[in-house]
$ cat protein30.cif   # mmCIF, C-alpha atoms
data_protein
loop_
_atom_site.label_atom_id
_atom_site.label_comp_id
_atom_site.auth_asym_id
_atom_site.auth_seq_id
_atom_site.Cartn_x
_atom_site.Cartn_y
_atom_site.Cartn_z
CA MET A 1 11.29 -9.89 -59.40
CA PRO A 2 9.12 -9.51 -56.28
CA ASP A 3 7.85 -6.05 -55.46
CA THR A 4 7.52 -4.89 -51.86
CA ALA A 5 4.49 -2.83 -52.86
CA LEU A 6 2.39 -5.59 -54.40
CA ARG A 7 -1.22 -4.50 -54.51
CA PHE A 8 -4.18 -6.63 -55.49
CA ILE A 9 -7.83 -6.35 -56.40
CA CYS A 10 -10.08 -9.40 -56.07
CA ASP A 11 -13.25 -10.10 -58.00
CA SER A 12 -16.52 -10.86 -56.24
CA MET A 13 -15.81 -14.59 -55.93
CA LEU A 14 -12.58 -14.16 -53.98
CA GLY A 15 -13.48 -12.56 -50.64
CA ARG A 16 -11.67 -15.16 -48.56
CA LEU A 17 -8.55 -14.76 -50.69
CA ALA A 18 -8.69 -10.99 -50.20
CA LYS A 19 -8.85 -11.47 -46.43
CA SER A 20 -5.92 -13.90 -46.52
CA LEU A 21 -3.77 -11.47 -48.51
CA ARG A 22 -4.64 -8.69 -46.06
CA MET A 23 -3.65 -11.03 -43.24
CA LEU A 24 -0.23 -11.30 -44.88
CA GLY A 25 0.00 -7.51 -45.05
CA PHE A 26 -0.85 -6.87 -48.71
CA ASP A 27 -3.07 -4.01 -49.81
CA THR A 28 -6.01 -5.90 -51.33
CA LEU A 29 -9.22 -4.30 -52.56
CA TYR A 30 -12.38 -6.36 -52.51
CA THR A 31 -15.98 -5.54 -53.09
CA HIS A 32 -18.68 -7.78 -54.41
CA CYS A 33 -20.28 -5.09 -56.57
CA LEU A 34 -17.57 -4.24 -59.12
CA THR A 35 -18.11 -5.15 -62.76
CA PRO A 36 -15.22 -6.70 -64.72
CA GLN A 37 -14.76 -3.33 -66.45
CA GLN A 38 -14.51 -1.56 -63.09
CA LEU A 39 -11.94 -4.12 -61.91
CA VAL A 40 -9.81 -3.40 -64.97
CA GLN A 41 -10.20 0.38 -64.55
CA LEU A 42 -9.18 0.29 -60.86
CA SER A 43 -6.31 -2.04 -61.66
CA MET A 44 -4.94 0.41 -64.21
CA GLU A 45 -5.52 3.50 -62.06
CA GLN A 46 -4.00 2.02 -58.90
CA GLN A 47 -1.43 -0.39 -60.36
CA ARG A 48 -3.08 -3.46 -58.87
CA ILE A 49 -2.92 -7.10 -59.92
CA ILE A 50 -6.38 -8.46 -60.67
CA LEU A 51 -7.20 -11.79 -59.04
CA THR A 52 -10.18 -13.36 -60.73
CA ARG A 53 -12.16 -16.53 -61.30
CA ARG A 54 -13.53 -15.12 -64.59
CA SER A 55 -11.48 -16.05 -67.65
CA ALA A 56 -13.11 -13.24 -69.66
CA CYS A 57 -11.45 -10.69 -67.39
CA MET A 58 -8.07 -12.00 -68.49
CA GLN A 59 -8.68 -10.82 -72.05
CA SER A 60 -9.96 -7.34 -71.12
CA SER A 61 -6.74 -5.41 -71.54
CA PRO A 62 -3.21 -6.48 -72.39
CA THR A 63 -1.82 -3.75 -70.11
CA VAL A 64 -3.47 -5.13 -66.98
CA SER A 65 -1.73 -7.64 -64.76
CA CYS A 66 -4.14 -10.46 -64.00
CA ILE A 67 -3.98 -13.87 -62.32
CA TYR A 68 -6.71 -16.35 -63.13
CA ILE A 69 -7.43 -18.30 -59.92
CA ARG A 70 -8.04 -21.96 -60.75
CA SER A 71 -8.93 -23.54 -57.42
CA ASN A 72 -11.98 -23.23 -55.20
CA ASP A 73 -9.86 -24.03 -52.13
CA PRO A 74 -8.79 -20.85 -50.27
CA ASP A 75 -5.37 -22.24 -49.29
CA GLU A 76 -4.67 -23.34 -52.87
CA GLN A 77 -5.75 -19.93 -54.12
CA LEU A 78 -3.31 -18.24 -51.77
CA ARG A 79 -0.50 -20.60 -52.77
CA GLN A 80 -1.16 -19.78 -56.43
CA VAL A 81 -1.02 -16.01 -55.82
CA ILE A 82 2.17 -16.35 -53.78
CA ALA A 83 3.85 -18.34 -56.56
CA ALA A 84 2.55 -16.23 -59.46
CA SER A 85 3.35 -12.85 -57.94
CA GLY A 86 6.73 -13.73 -56.46
CA ILE A 87 5.81 -13.26 -52.82
CA VAL A 88 8.60 -14.39 -50.51
CA LYS A 89 8.64 -14.46 -46.71
CA ALA A 90 10.65 -11.23 -46.55
CA LEU A 91 7.75 -9.33 -48.19
CA ILE A 92 5.15 -10.53 -45.71
CA ARG A 93 4.10 -8.16 -42.94
CA PRO A 94 1.46 -10.24 -41.15
CA PHE A 95 -1.40 -8.66 -39.26
CA THR A 96 -0.61 -5.07 -40.27
CA ILE A 97 -3.75 -4.39 -42.33
CA CYS A 98 -7.37 -4.39 -41.20
CA LEU A 99 -9.01 -7.57 -42.42
CA SER A 100 -12.29 -5.71 -42.91
CA CYS A 101 -11.36 -2.40 -44.51
CA ASN A 102 -7.85 -2.84 -45.92
CA VAL A 103 -6.45 0.09 -43.91
CA PRO A 104 -3.06 -0.14 -42.16
CA LEU A 105 -3.36 -0.87 -38.44
CA THR A 106 -1.85 1.39 -35.80
CA GLY A 107 -0.70 0.54 -32.31
CA LEU A 108 -3.26 1.05 -29.57
CA ALA A 109 -2.31 1.75 -25.97
CA LYS A 110 -3.73 -0.78 -23.53
CA GLU A 111 -5.68 1.95 -21.74
CA ALA A 112 -7.36 2.92 -25.02
CA ALA A 113 -8.51 -0.68 -25.52
CA ALA A 114 -10.55 -0.59 -22.30
CA GLY A 115 -14.21 -1.06 -23.11
CA ARG A 116 -13.41 -1.94 -26.72
CA VAL A 117 -12.37 -5.53 -26.05
CA PRO A 118 -13.78 -8.23 -23.75
CA ASP A 119 -12.79 -7.81 -20.09
CA TYR A 120 -10.81 -11.06 -20.07
CA VAL A 121 -8.81 -9.96 -23.09
CA PHE A 122 -8.11 -6.59 -21.53
CA THR A 123 -6.72 -8.18 -18.36
CA THR A 124 -4.62 -10.84 -20.14
CA VAL A 125 -3.27 -9.00 -23.22
CA ASP A 126 -0.91 -6.03 -23.27
CA ASN A 127 -0.52 -5.24 -26.98
CA PHE A 128 -3.32 -4.08 -29.23
CA ALA A 129 -3.70 -2.63 -32.71
CA ALA A 130 -6.64 -0.75 -34.17
CA CYS A 131 -8.06 0.29 -37.49
CA ASN A 132 -8.60 4.04 -37.63
CA ALA A 133 -11.23 3.61 -40.36
CA CYS A 134 -13.66 1.10 -38.81
CA GLY A 135 -12.50 1.15 -35.18
CA ARG A 136 -11.92 -2.60 -35.03
CA VAL A 137 -9.38 -3.68 -32.39
CA TYR A 138 -6.95 -6.56 -32.87
CA TRP A 139 -4.81 -8.54 -30.42
CA LYS A 140 -2.80 -11.74 -30.38
CA GLY A 141 -5.24 -14.35 -29.12
CA THR A 142 -5.95 -17.93 -30.13
CA HIS A 143 -7.22 -16.71 -33.50
CA TYR A 144 -3.78 -15.17 -34.11
CA ALA A 145 -2.02 -18.47 -33.44
CA ASN A 146 -4.44 -20.30 -35.74
CA MET A 147 -3.88 -17.83 -38.57
CA GLU A 148 -0.12 -17.94 -38.00
CA ASP A 149 -0.17 -21.78 -38.24
CA ARG A 150 -2.18 -21.58 -41.47
CA MET A 151 0.31 -19.15 -43.00
CA LYS A 152 3.26 -21.35 -42.06
CA LYS A 153 1.65 -24.34 -43.81
CA ILE A 154 0.91 -22.29 -46.92
CA MET A 155 4.39 -20.74 -47.12
CA VAL A 156 6.17 -24.12 -47.04
#
$ encode --input "protein30.cif" --output "structure tokens"
Amino acid sequence: MPDTALRFICDSMLGRLAKSLRMLGFDTLYTHCLTPQQLVQLSMEQQRIILTRRSACMQSSPTVSCIYIRSNDPDEQLRQVIAASGIVKALIRPFTICLSCNVPLTGLAKEAAAGRVPDYVFTTVDNFAACNACGRVYWKGTHYANMEDRMKKIMV
């Protein structure tokens, strides 16, 4: 049964997958410096599903939930995680988590975006979101439409 609080942790070979899961609104830890033992420990402490390209990690602990990612293709990887973890469209909250730091985004008043986004963006966009951890500002531009199209193709 799908869980609305699915949380993941990706091994060092799955940075693009981590970013894609964040794009869909899933809390996904990623750092390239964790050992397999540290992945398992964090998974147990924080109730996260390990996503890995290392088959040895799968045998680390029978109490850890782990998905062995077979493909090198980022879209195939995402499809596999969606299928294996029971993600359905109703669970997806796109563009609600910072793609860089994995922190929930908050709304940002247009006035507060002044000087933090390109001038053209400021004059043509009314809605912004920001990450309170890294300060990154997000808005619905062409990159948003491209990511949205990619997600639609993957969720088919």
$ resolve_selection --input "protein30.cif" --expression "the PyMOL selection byres ((chain A and resi 44) around 12)" --output "MDAnalysis selection string"
chainID A and resid 7:9 37:43 45:50 60:66
$ resolve_selection --input "protein30.cif" --expression "the PyMOL selection byres ((chain A and resi 31) around 9)" --output "PyMOL selection string"
chain A and resi 9-12+15+29-30+32-34
$ resolve_selection --input "protein30.cif" --expression "the PyMOL selection byres ((chain A and resi 83-97) around 7)" --output "list in words"
Met1, Pro2, Thr4, Arg22, Met23, Leu24, Gly25, Arg79, Gln80, Val81, Ile82, Cys98, Leu99, Asn102, Val103, Pro104 and Leu105 of chain A
$ atom_distance --input "protein30.cif" --atom1 "CA of Lys19 (chain A)" --atom2 "CA of Glu148 (chain A)"
13.8 Å
$ atom_distance --input "protein30.cif" --atom1 "CA of Pro118 (chain A)" --atom2 "CA of Tyr138 (chain A)"
11.5 Å
$ atom_distance --input "protein30.cif" --atom1 "CA of Arg116 (chain A)" --atom2 "CA of Arg136 (chain A)"
8.5 Å
$ residues_around --input "protein30.cif" --residues "Thr106 (chain A)" --least-positions-apart "3" --cutoff "7 Å" --atoms "only C-alpha atoms" --output "list in words"
Ala129, Ala130 and Cys131 of chain A
$ closest_residue --input "protein30.cif" --among "A:Leu14, A:Glu76, A:Lys110, A:Asp27" --to "Arg54 (chain A)" --atoms "only C-alpha atoms"
A:Leu14
$ closest_residue --input "protein30.cif" --among "A:Arg53, A:Lys140, A:Lys152, A:Arg16" --to "Ile69 (chain A)" --atoms "all atoms listed in the file"
A:Arg53
$ axis_aligned_box --input "protein30.cif" --around "region 34-43 of chain A" --padding-each-side "8 Å" --output "AutoDock Vina command-line options"
--center_x -12.2 --center_y -3.2 --center_z -62.8 --size_x 27.8 --size_y 23.1 --size_z 23.3
$ decode --input "protein30.cif" --residues "region 5-131 of chain A" --atoms "C-alpha atoms" --output "mmCIF file, in the first residue's frame"
data_model
loop_
_atom_site.group_PDB
_atom_site.id
_atom_site.type_symbol
_atom_site.label_atom_id
_atom_site.label_comp_id
_atom_site.auth_asym_id
_atom_site.auth_seq_id
_atom_site.Cartn_x
_atom_site.Cartn_y
_atom_site.Cartn_z
ATOM 1 C CA ALA A 5 5.335 9.865 3.622
ATOM 2 C CA LEU A 6 7.674 7.867 1.396
ATOM 3 C CA ARG A 7 11.236 8.872 2.113
ATOM 4 C CA PHE A 8 14.297 7.787 0.194
ATOM 5 C CA ILE A 9 18.064 7.779 0.435
ATOM 6 C CA CYS A 10 20.144 7.401 -2.735
ATOM 7 C CA ASP A 11 23.644 6.012 -2.999
ATOM 8 C CA SER A 12 26.437 7.977 -4.637
ATOM 9 C CA MET A 13 25.612 6.763 -8.152
ATOM 10 C CA LEU A 14 22.043 8.060 -8.144
ATOM 11 C CA GLY A 15 22.227 11.857 -7.909
ATOM 12 C CA ARG A 16 19.964 12.449 -10.896
ATOM 13 C CA LEU A 17 17.392 10.042 -9.478
ATOM 14 C CA ALA A 18 17.481 11.894 -6.156
ATOM 15 C CA LYS A 19 16.816 15.182 -7.945
ATOM 16 C CA SER A 20 13.930 13.636 -9.903
ATOM 17 C CA LEU A 21 12.310 12.297 -6.730
ATOM 18 C CA ARG A 22 12.667 15.706 -5.087
ATOM 19 C CA MET A 23 11.059 17.227 -8.169
ATOM 20 C CA LEU A 24 8.064 14.968 -7.521
ATOM 21 C CA GLY A 25 7.941 16.147 -3.912
ATOM 22 C CA PHE A 26 9.579 13.212 -2.107
ATOM 23 C CA ASP A 27 12.033 13.696 0.737
ATOM 24 C CA THR A 28 15.201 12.194 -0.766
ATOM 25 C CA LEU A 29 18.620 12.292 0.855
ATOM 26 C CA TYR A 30 21.659 12.203 -1.381
ATOM 27 C CA THR A 31 25.314 12.684 -0.744
ATOM 28 C CA HIS A 32 28.205 11.192 -2.623
ATOM 29 C CA CYS A 33 30.277 10.518 0.495
ATOM 30 C CA LEU A 34 28.195 7.974 2.435
ATOM 31 C CA THR A 35 29.497 4.443 2.827
ATOM 32 C CA PRO A 36 27.077 1.526 2.347
ATOM 33 C CA GLN A 37 27.066 1.087 6.136
ATOM 34 C CA GLN A 38 26.118 4.747 6.625
ATOM 35 C CA LEU A 39 23.307 4.380 4.068
ATOM 36 C CA VAL A 40 21.909 1.442 6.016
ATOM 37 C CA GLN A 41 22.258 3.271 9.347
ATOM 38 C CA LEU A 42 20.459 6.401 8.057
ATOM 39 C CA SER A 43 17.800 4.264 6.441
ATOM 40 C CA MET A 44 17.049 2.559 9.754
ATOM 41 C CA GLU A 45 17.203 5.762 11.820
ATOM 42 C CA GLN A 46 15.010 7.804 9.471
ATOM 43 C CA GLN A 47 12.779 5.091 7.981
ATOM 44 C CA ARG A 48 14.019 5.648 4.437
ATOM 45 C CA ILE A 49 14.022 3.332 1.445
ATOM 46 C CA ILE A 50 17.546 2.833 0.114
ATOM 47 C CA LEU A 51 17.934 3.265 -3.637
ATOM 48 C CA THR A 52 21.182 1.741 -4.786
ATOM 49 C CA ARG A 53 23.186 0.449 -7.724
ATOM 50 C CA ARG A 54 25.259 -1.764 -5.381
ATOM 51 C CA SER A 55 23.907 -5.285 -4.978
ATOM 52 C CA ALA A 56 25.979 -5.774 -1.801
ATOM 53 C CA CYS A 57 23.916 -3.102 -0.071
ATOM 54 C CA MET A 58 20.827 -5.239 -0.584
ATOM 55 C CA GLN A 59 22.221 -7.933 1.706
ATOM 56 C CA SER A 60 23.323 -5.571 4.503
ATOM 57 C CA SER A 61 20.309 -5.881 6.751
ATOM 58 C CA PRO A 62 17.027 -7.736 6.391
ATOM 59 C CA THR A 63 15.218 -4.938 8.256
ATOM 60 C CA VAL A 64 16.127 -2.263 5.710
ATOM 61 C CA SER A 65 13.908 -1.502 2.755
ATOM 62 C CA CYS A 66 16.044 -1.362 -0.367
ATOM 63 C CA ILE A 67 15.467 -1.111 -4.117
ATOM 64 C CA TYR A 68 18.266 -2.215 -6.399
ATOM 65 C CA ILE A 69 18.242 0.131 -9.413
ATOM 66 C CA ARG A 70 18.953 -1.838 -12.580
ATOM 67 C CA SER A 71 19.077 0.790 -15.315
ATOM 68 C CA ASN A 72 21.580 3.523 -16.094
ATOM 69 C CA ASP A 73 18.826 5.608 -17.723
ATOM 70 C CA PRO A 74 17.430 8.257 -15.323
ATOM 71 C CA ASP A 75 13.861 7.975 -16.633
ATOM 72 C CA GLU A 76 13.931 4.175 -16.335
ATOM 73 C CA GLN A 77 15.319 4.489 -12.817
ATOM 74 C CA LEU A 78 12.452 6.770 -11.848
ATOM 75 C CA ARG A 79 9.884 4.440 -13.425
ATOM 76 C CA GLN A 80 11.338 1.544 -11.436
ATOM 77 C CA VAL A 81 11.136 3.440 -8.126
ATOM 78 C CA ILE A 82 7.569 4.554 -8.862
ATOM 79 C CA ALA A 83 6.501 0.967 -9.576
ATOM 80 C CA ALA A 84 8.433 -0.651 -6.713
ATOM 81 C CA SER A 85 7.380 1.807 -4.022
ATOM 82 C CA GLY A 86 3.749 2.179 -5.042
ATOM 83 C CA ILE A 87 3.860 5.842 -5.979
ATOM 84 C CA VAL A 88 0.615 6.980 -7.578
ATOM 85 C CA LYS A 89 -0.246 10.408 -8.981
ATOM 86 C CA ALA A 90 -2.192 11.335 -5.843
ATOM 87 C CA LEU A 91 1.025 11.104 -3.773
ATOM 88 C CA ILE A 92 3.004 13.437 -6.008
ATOM 89 C CA ARG A 93 3.475 17.029 -4.872
ATOM 90 C CA PRO A 94 5.622 18.417 -7.691
ATOM 91 C CA PHE A 95 8.034 21.273 -7.153
ATOM 92 C CA THR A 96 7.539 21.509 -3.379
ATOM 93 C CA ILE A 97 11.068 20.498 -2.316
ATOM 94 C CA CYS A 98 14.352 22.238 -3.062
ATOM 95 C CA LEU A 99 16.168 20.283 -5.743
ATOM 96 C CA SER A 100 19.503 21.160 -4.151
ATOM 97 C CA CYS A 101 18.994 20.726 -0.412
ATOM 98 C CA ASN A 102 15.877 18.594 0.004
ATOM 99 C CA VAL A 103 14.118 21.223 2.154
ATOM 100 C CA PRO A 104 10.421 22.065 1.638
ATOM 101 C CA LEU A 105 9.902 25.246 -0.374
ATOM 102 C CA THR A 106 7.892 28.175 0.937
ATOM 103 C CA GLY A 107 5.990 30.820 -0.973
ATOM 104 C CA LEU A 108 7.912 33.999 -1.706
ATOM 105 C CA ALA A 109 6.211 37.340 -2.233
ATOM 106 C CA LYS A 110 7.029 38.920 -5.583
ATOM 107 C CA GLU A 111 8.589 41.930 -3.855
ATOM 108 C CA ALA A 112 10.952 39.623 -1.951
ATOM 109 C CA ALA A 113 12.122 38.088 -5.242
ATOM 110 C CA ALA A 114 13.413 41.452 -6.484
ATOM 111 C CA GLY A 115 17.160 41.260 -6.981
ATOM 112 C CA ARG A 116 17.146 37.499 -6.450
ATOM 113 C CA VAL A 117 15.923 36.588 -9.935
ATOM 114 C CA PRO A 118 16.760 37.975 -13.386
ATOM 115 C CA ASP A 119 15.004 41.267 -14.192
ATOM 116 C CA TYR A 120 13.018 39.716 -17.047
ATOM 117 C CA VAL A 121 11.739 36.970 -14.767
ATOM 118 C CA PHE A 122 10.773 39.481 -12.113
ATOM 119 C CA THR A 123 8.703 41.516 -14.580
ATOM 120 C CA THR A 124 6.991 38.516 -16.228
ATOM 121 C CA VAL A 125 6.375 36.119 -13.309
ATOM 122 C CA ASP A 126 4.132 36.693 -10.295
ATOM 123 C CA ASN A 127 4.562 33.525 -8.223
ATOM 124 C CA PHE A 128 7.811 32.450 -6.608
ATOM 125 C CA ALA A 129 8.955 29.881 -4.068
ATOM 126 C CA ALA A 130 12.170 29.821 -2.081
ATOM 127 C CA CYS A 131 14.302 27.456 -0.080
#
